[in-house]
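Data first, discussion second: the structure below is written as structure tokens.
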Amino acid sequence: MKKIVSLLGLILLLVVLAGCDRREKLYVLNWEEYINEDLVIKFEKEYGVKVVIDGVTTNESMYNKIETRAGKYDVVFPSDYMVQRMYNDGMLLGLDFDKLPNYDVETFDDKLQYLRDNYFGEHQKYSVPYFWGTLAIMYNKNKAGVKELVEEHEWAVFFDKSIIPSNVTVGMYDSSRDAVAAALFYLDKSPNPTSVDELTEAESLLVNFKYDFWGTDNLKDAVSAENLDIALVYSGDFFDTIFFTLATGNVPTFDMHVPTGRNNVWFDTIAIPVTCTKIDLAHAFINFLLDYDNALENAGFVGYCPARFDVYQAMLNDEELQAVVSHPGYYPGNVENAEVFLTLDKKIAERMDYILTKARSK
Amino acid sequence: MKKFKRFAWPYFFWMFVFTVIPIFLLFAMSFIEMKSLNFSTARFSFSAFSKSFNPIYLNAFTNSIRLALIATVLCIIIGYPLAYIVSNLNITNRFSFLLILIMPMFTNMLLRVNTISKLLKPESILKNVLGISLNISGSEKAVVLVMVLMYLPFMVFPIFTVLEKIDPSLLEASRDLGANNFKTFLKVTLPLSVKGISSGIIMVFLPCATSFTIPYIVSDGTMKLIGNIIEDKMGLGNVISTDYPVGSLLSIIILIAVMGALWLISKIDAEGETLL
Amino acid sequence: MSRVLRVEEPLSRKISRRVNSIIKFSFLTIVILLLYFPIIVIIIQSVNINVQGTYFSGFTLEWYGKMFGDRKLMSAIKNTISVALLATVMSTVLGTLFALGINSLDKRRRKQMIILNNVPVLNADVVTGVSLFFIFKFFGIIIGKEFLLGYETMLIAHIFFCIPYVVLSVLPKLNEVDKNLYDAALDLGCTPRGALMKVIVPSVRTGIFTGALLAFTMSFDDFVISYLVAGGEVKNFSMWLYASQRSSGRTFAWPKAYAYNAIISIVALLILVVYNIVIINKQKNNRKVRVNSN
């Protein structure tokens, strides 16, 4: 008995010692692998604080975590349409731009700023752009005919079974917004439907095509491992995988195509939620990320295109990064028929979700 | 021994708070409609019921039960002989065997499921090293296979425990009375081990039927079983609208099933204690 | 002294027995191999240069080094181990006491308590996790602390679902203990605590041990419940792995995970081997004593 008690005491002591961190903590809710860890350490050293980062893989999870007060997050990284929704639901604090000296609208990419002005004007008081990207089709170069298939048919590869040879496997992104949008783009419709009826055709497309794989981040791995031939991904997923493949000294067996028809251009932002308890520090963190050098260091790690145009230019001129960054799919500004996602009516959002559940439950 | 009764009350209180109250909570939540977890928007409604009783969920339910049943039966077919063989071996330490069975469970289940799932894909280390290319990833076969691999020890434990307890003199007596080995097994061993089999069935069937990691990973996301649906509704998944009332209702249904199973056990095993 | 008559077995009998043994042995080996196959692959992948694991490109120990250098991972591992150890100790102590309590109830109450006890064991992970989440949430609202979730709630949750396993392991053993043993000990002059510790506990020792082992395993490997109640700051290994499934692997999450689990497997195997050696030695010594005393 004594032995147990003393063992318990020892363990308790170890736990307490291990957890002892006198530094002030900044709680961040971000996407997984969406920030350069070296930068985080740099910020920690500069401000003498500890940054605790929690990760999510979808906007909806992000929304949930803040709403259910799962954590007292100080900084959060919602996507464009999610900012709208969070703002509508009173979940965001306004930004104090006096505390963000690095914020300069001129530095952002023109096309990105255009989207912000035209679709998210109000919300520019609540968020600061971070990275931006598009939807894209990632495919296995090594399988015969796949490249031609994707480049010729674009969105149809996900919805028209008749053009897919029997040995070619197709994967869909497990996010109702993106999957349904792809179907709507194929049907040449807007990704922001205003009534549930507009979804009927999209529904039958998604439900009837038997996808070989439903996933999120694991889609790009499957393609790069040649276990999947075609997949709907975010543009940055592809570059992420390229960086990684090159870093491990392998030759990429995959490529990506950005559809020339309608396509979604989105941008992620940094915002401060109402759960913030360290407003000044939160602003300092955002300001830190807006800085040119930090943004450049960040962009070298994260596979997406940075919001700052000057940083993008610098990457184009960088010897090492050039080969990767000059790929036409990298810069979202190349998309001609850019469509943004806007917040949808709850019934429509629920319907999209239902469509996905139905499509996956055969 | 009666003195120890006072230890039972705190446990009752503890379980009441953490098990019984949540049941009432979940039950209550099935009758409301609200926006995410914002209780101020909660209103009384039967919408959770109408949303839950639709063919998709029913489909998922029947699929879950079917696959779990197959996995359980396979576990019995493999697990019973295994327990039987080991209990008849002459090794003097039974505990070692339990340790051998339990050891794989120390490695993280998520990792093990992912590892196996990768092996079942066409491009895998098996193909490139041994030339064996399995292509069953994504199929029901694969899901059942992984379920069996993960939960087999849970079937073996209770059967083994029960077999160990069988008094060898009973078997001797049976043989003395003229029964051969097979008859002895059928008429003595098997009936005595029914308790163990029923425990095993419960310990395998329920986790398999409500599992969400195994179907999600092994089927490459193409299969949604009831566990996945509940976890989606309760905020763990990738969906736009988590629906706590629907999730609660589905959870209550599962709970009722579990209670039913417990009631069944208490009928077969009067003491209801040999779950392990 | 007795003379034992040896009856010669017919050859067919001998052969069928041999075949029987071979079949049994093969069956045993195949099943054990199947169960251990993932572990073998994990160990192999932990030293594989190729990160994706589809090829074996060469042998390396770099992942082990990288694993220790990853502060998020190490923090998750520390949490997993500390929670598992603490939860095991607490649930074993509490579980044993509770089992004693249940054991001394009348038949009807006892049945009810056992049903209550089995609910967490049989309930779906998700449902248990969500129930706990709601309870913690409401408790937080009552005491005015909105952000209650964290290490402590995860620990409480683990203790919660581990206790039933301990109870289930100890209770059957308690049944076998003579009801009068405790009173006899008291009569002989033991204090109640002494009687408990020196008489009851040793006789249910194997039950307590099995219960502790089960509790540790369930806590160590938990994912869903921890995910739901640990809040935003604390992660255990399963949560870290789930989050790292975004494995374009710039942070080489998978190889590090393999390395960590390889270490665990090897440690567990060593414990198993050592345990067996100790037991075998003990038995040898016992036999020696017996022989010597003849």
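Quick note on naming: the chains in the structure tokens go A, B, ... in the order shown, residues restart at 1 in each chain, and ligands are numbered from 1 in order of appearance.
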Residues flagged strand (DSSP E or B) by DSSP in segment 107-314 of chain A, as JSON, numbers by chain: {"A": [108, 127, 128, 129, 130, 131, 132, 133, 134, 135, 136, 137, 138, 139, 140, 170, 171, 172, 173, 213, 214, 215, 230, 231, 232, 233, 234, 254, 255, 256, 257, 262, 263, 264, 265, 266, 267, 268, 269, 270, 271, 272, 273, 305, 306, 308]}
I want to know what sits within 9 Å of Ile200 of chain C, based on only C-alpha atoms, with residues of the same chain fewer than 6 positions away left out; could you give that as a PDB file with N, CA and C atoms, in the first residue's frame?
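Contents of result21.pdb, freshly written:
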```
ATOM      1  N   LEU C 174     -13.506 -12.301  -5.906  1.00  0.00           N
ATOM      2  CA  LEU C 174     -14.058 -12.063  -4.578  1.00  0.00           C
ATOM      3  C   LEU C 174     -15.084 -13.124  -4.216  1.00  0.00           C
ATOM      4  N   VAL C 177     -13.679 -16.054  -2.593  1.00  0.00           N
ATOM      5  CA  VAL C 177     -13.100 -15.914  -1.260  1.00  0.00           C
ATOM      6  C   VAL C 177     -14.125 -16.338  -0.213  1.00  0.00           C
ATOM      7  N   LEU C 181     -13.676 -15.464   5.969  1.00  0.00           N
ATOM      8  CA  LEU C 181     -12.251 -15.188   6.129  1.00  0.00           C
ATOM      9  C   LEU C 181     -12.012 -13.864   6.825  1.00  0.00           C
ATOM     10  N   TYR C 182     -12.750 -12.877   6.359  1.00  0.00           N
ATOM     11  CA  TYR C 182     -12.567 -11.532   6.914  1.00  0.00           C
ATOM     12  C   TYR C 182     -12.904 -11.498   8.399  1.00  0.00           C
TER      13      TYR C 182
END
```
Determine, counting only C-alpha atoms, which protein, DNA and RNA residues have an atom within 9 Å of an atom of Asp109 of chain A; residues of the same chain fewer than 4 positions away are not included. Present the result as JSON, numbers by chain. {"A": [105, 113, 114, 306, 307, 308, 309, 310, 312, 333]}
Let's have the selection written as a PDB file, in the first residue's frame, with C-alpha atoms.
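Final file, result09.pdb:
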```pdb
ATOM      1  CA  VAL A 105      -4.141  46.342 -48.396  1.00  0.00           C
ATOM      2  CA  GLN A 113      -8.382  42.021 -52.828  1.00  0.00           C
ATOM      3  CA  TYR A 114     -10.983  42.265 -55.569  1.00  0.00           C
ATOM      4  CA  PRO A 306       0.448  33.467 -50.008  1.00  0.00           C
ATOM      5  CA  ALA A 307      -1.999  36.350 -49.882  1.00  0.00           C
ATOM      6  CA  ARG A 308       0.748  38.899 -50.259  1.00  0.00           C
ATOM      7  CA  PHE A 309       1.620  39.496 -53.882  1.00  0.00           C
ATOM      8  CA  ASP A 310       5.177  40.608 -53.086  1.00  0.00           C
ATOM      9  CA  TYR A 312       4.510  35.395 -54.230  1.00  0.00           C
ATOM     10  CA  GLY A 333      -5.269  34.431 -59.922  1.00  0.00           C
TER      11      GLY A 333
END
```
Neighbours of segment 182-193 of chain A within 6 Å (only C-alpha atoms; same-chain residues fewer than 5 positions away dropped), as number ranges by chain? A: 155, 202, 262
So that I can check the surroundings of segment 203-216 of chain A, please list as a compact mmCIF listing (two decimals) with N, CA and C atoms, in the first residue's frame every protein, DNA and RNA residue that reaches within 8 Å of it, counting only C-alpha atoms and ignoring chain neighbours fewer than 5 positions away.
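Just written: around27.txt:
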```txt
# COMPACT_ATOMS: atom_id res chain seq x y z
N PHE A 158 -15.45 13.32 -62.51
CA PHE A 158 -16.03 12.95 -61.23
C PHE A 158 -17.50 12.57 -61.33
N PHE A 159 -18.09 12.84 -62.48
CA PHE A 159 -19.54 12.65 -62.54
C PHE A 159 -20.04 11.82 -63.70
N ASP A 160 -19.14 11.55 -64.67
CA ASP A 160 -19.58 10.79 -65.82
C ASP A 160 -18.83 9.47 -65.86
N LYS A 161 -19.47 8.42 -65.33
CA LYS A 161 -18.80 7.13 -65.22
C LYS A 161 -18.40 6.58 -66.59
N THR A 169 -9.20 4.61 -60.86
CA THR A 169 -9.95 4.86 -59.63
C THR A 169 -10.09 6.35 -59.37
N VAL A 170 -11.26 6.74 -58.85
CA VAL A 170 -11.56 8.16 -58.64
C VAL A 170 -11.93 8.42 -57.19
N GLY A 171 -11.37 9.48 -56.63
CA GLY A 171 -11.67 9.82 -55.24
C GLY A 171 -12.32 11.18 -55.13
N MET A 172 -13.20 11.32 -54.15
CA MET A 172 -13.92 12.59 -53.94
C MET A 172 -13.60 13.15 -52.58
N TYR A 173 -13.60 14.47 -52.47
CA TYR A 173 -13.29 15.12 -51.19
C TYR A 173 -14.48 15.04 -50.25
N ASP A 174 -14.20 14.64 -49.03
CA ASP A 174 -15.28 14.44 -48.07
C ASP A 174 -15.66 15.74 -47.37
N SER A 175 -16.09 16.70 -48.13
CA SER A 175 -16.53 17.95 -47.56
C SER A 175 -17.74 18.35 -48.38
N VAL A 180 -20.25 19.08 -53.45
CA VAL A 180 -21.45 19.55 -54.15
C VAL A 180 -21.08 20.68 -55.12
N ALA A 183 -19.93 19.28 -58.33
CA ALA A 183 -21.06 18.82 -59.14
C ALA A 183 -21.76 20.00 -59.79
N LEU A 228 -4.41 5.65 -56.00
CA LEU A 228 -5.62 6.33 -56.47
C LEU A 228 -5.21 7.10 -57.71
N VAL A 233 -8.96 17.76 -55.03
CA VAL A 233 -8.15 18.25 -53.92
C VAL A 233 -8.19 19.77 -53.89
N ILE A 355 -26.82 14.96 -48.76
CA ILE A 355 -26.42 14.38 -50.05
C ILE A 355 -25.16 13.56 -49.88
N LEU A 356 -24.22 14.12 -49.12
CA LEU A 356 -22.96 13.41 -48.93
C LEU A 356 -23.15 12.14 -48.11
N LYS A 358 -25.77 10.38 -47.98
CA LYS A 358 -26.46 9.42 -48.85
C LYS A 358 -25.46 8.81 -49.83
N ALA A 359 -24.61 9.66 -50.40
CA ALA A 359 -23.67 9.18 -51.40
C ALA A 359 -22.70 8.18 -50.80
N ARG A 360 -22.43 8.31 -49.53
CA ARG A 360 -21.42 7.46 -48.92
C ARG A 360 -21.99 6.24 -48.25
N GLY B 138 -11.20 -1.19 -49.09
CA GLY B 138 -12.43 -0.55 -49.51
C GLY B 138 -13.61 -1.49 -49.53
N SER B 219 -12.39 1.26 -45.30
CA SER B 219 -13.21 1.30 -46.50
C SER B 219 -12.88 2.52 -47.34
N ASP B 220 -11.78 3.20 -47.02
CA ASP B 220 -11.38 4.41 -47.75
C ASP B 220 -12.52 5.41 -47.77
N GLY B 221 -13.24 5.47 -46.67
CA GLY B 221 -14.30 6.46 -46.58
C GLY B 221 -15.54 6.13 -47.40
N THR B 222 -15.59 4.96 -48.02
CA THR B 222 -16.76 4.68 -48.85
C THR B 222 -17.92 4.08 -48.06
```
Skipping near chain neighbours, those fewer than 5 positions away, what residues fall within 7 Å of segment 257-265 of chain C using only C-alpha atoms, listed as a CSV table (one decimal) with N, CA and C atoms, in the first residue's frame?
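The resulting out.csv:
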```
chain,number,residue,atom,x,y,z
B,107,THR,N,-0.1,-1.4,-28.8
B,107,THR,CA,0.1,-0.5,-29.9
B,107,THR,C,-1.2,0.2,-30.3
C,42,ILE,N,4.7,-2.7,-38.3
C,42,ILE,CA,5.0,-1.4,-37.7
C,42,ILE,C,6.5,-1.3,-37.4
C,43,ILE,N,7.1,-2.4,-36.9
C,43,ILE,CA,8.5,-2.3,-36.5
C,43,ILE,C,9.3,-2.2,-37.8
C,45,GLN,N,8.4,-0.8,-40.6
C,45,GLN,CA,8.2,0.6,-41.2
C,45,GLN,C,9.0,1.6,-40.4
C,46,SER,N,9.2,1.3,-39.1
C,46,SER,CA,9.8,2.3,-38.2
C,46,SER,C,11.3,2.5,-38.6
C,63,TRP,N,14.2,8.0,-37.7
C,63,TRP,CA,12.8,8.4,-37.2
C,63,TRP,C,12.8,8.4,-35.7
C,64,TYR,N,13.6,7.5,-35.0
C,64,TYR,CA,13.6,7.5,-33.6
C,64,TYR,C,14.1,8.8,-33.1
```
Residues near Phe43 of chain A, anyone? I mean within 12 Å using only C-alpha atoms, not counting same-chain ones fewer than 2 positions away, as a count of residues only. 26
So what do you get for atom CA of Ser21 of chain C versus atom CA of Leu35 of chain C, distance-wise?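 Spanning atom CA of Ser21 of chain C to atom CA of Leu35 of chain C is a straight-line distance of 21.2 Å.
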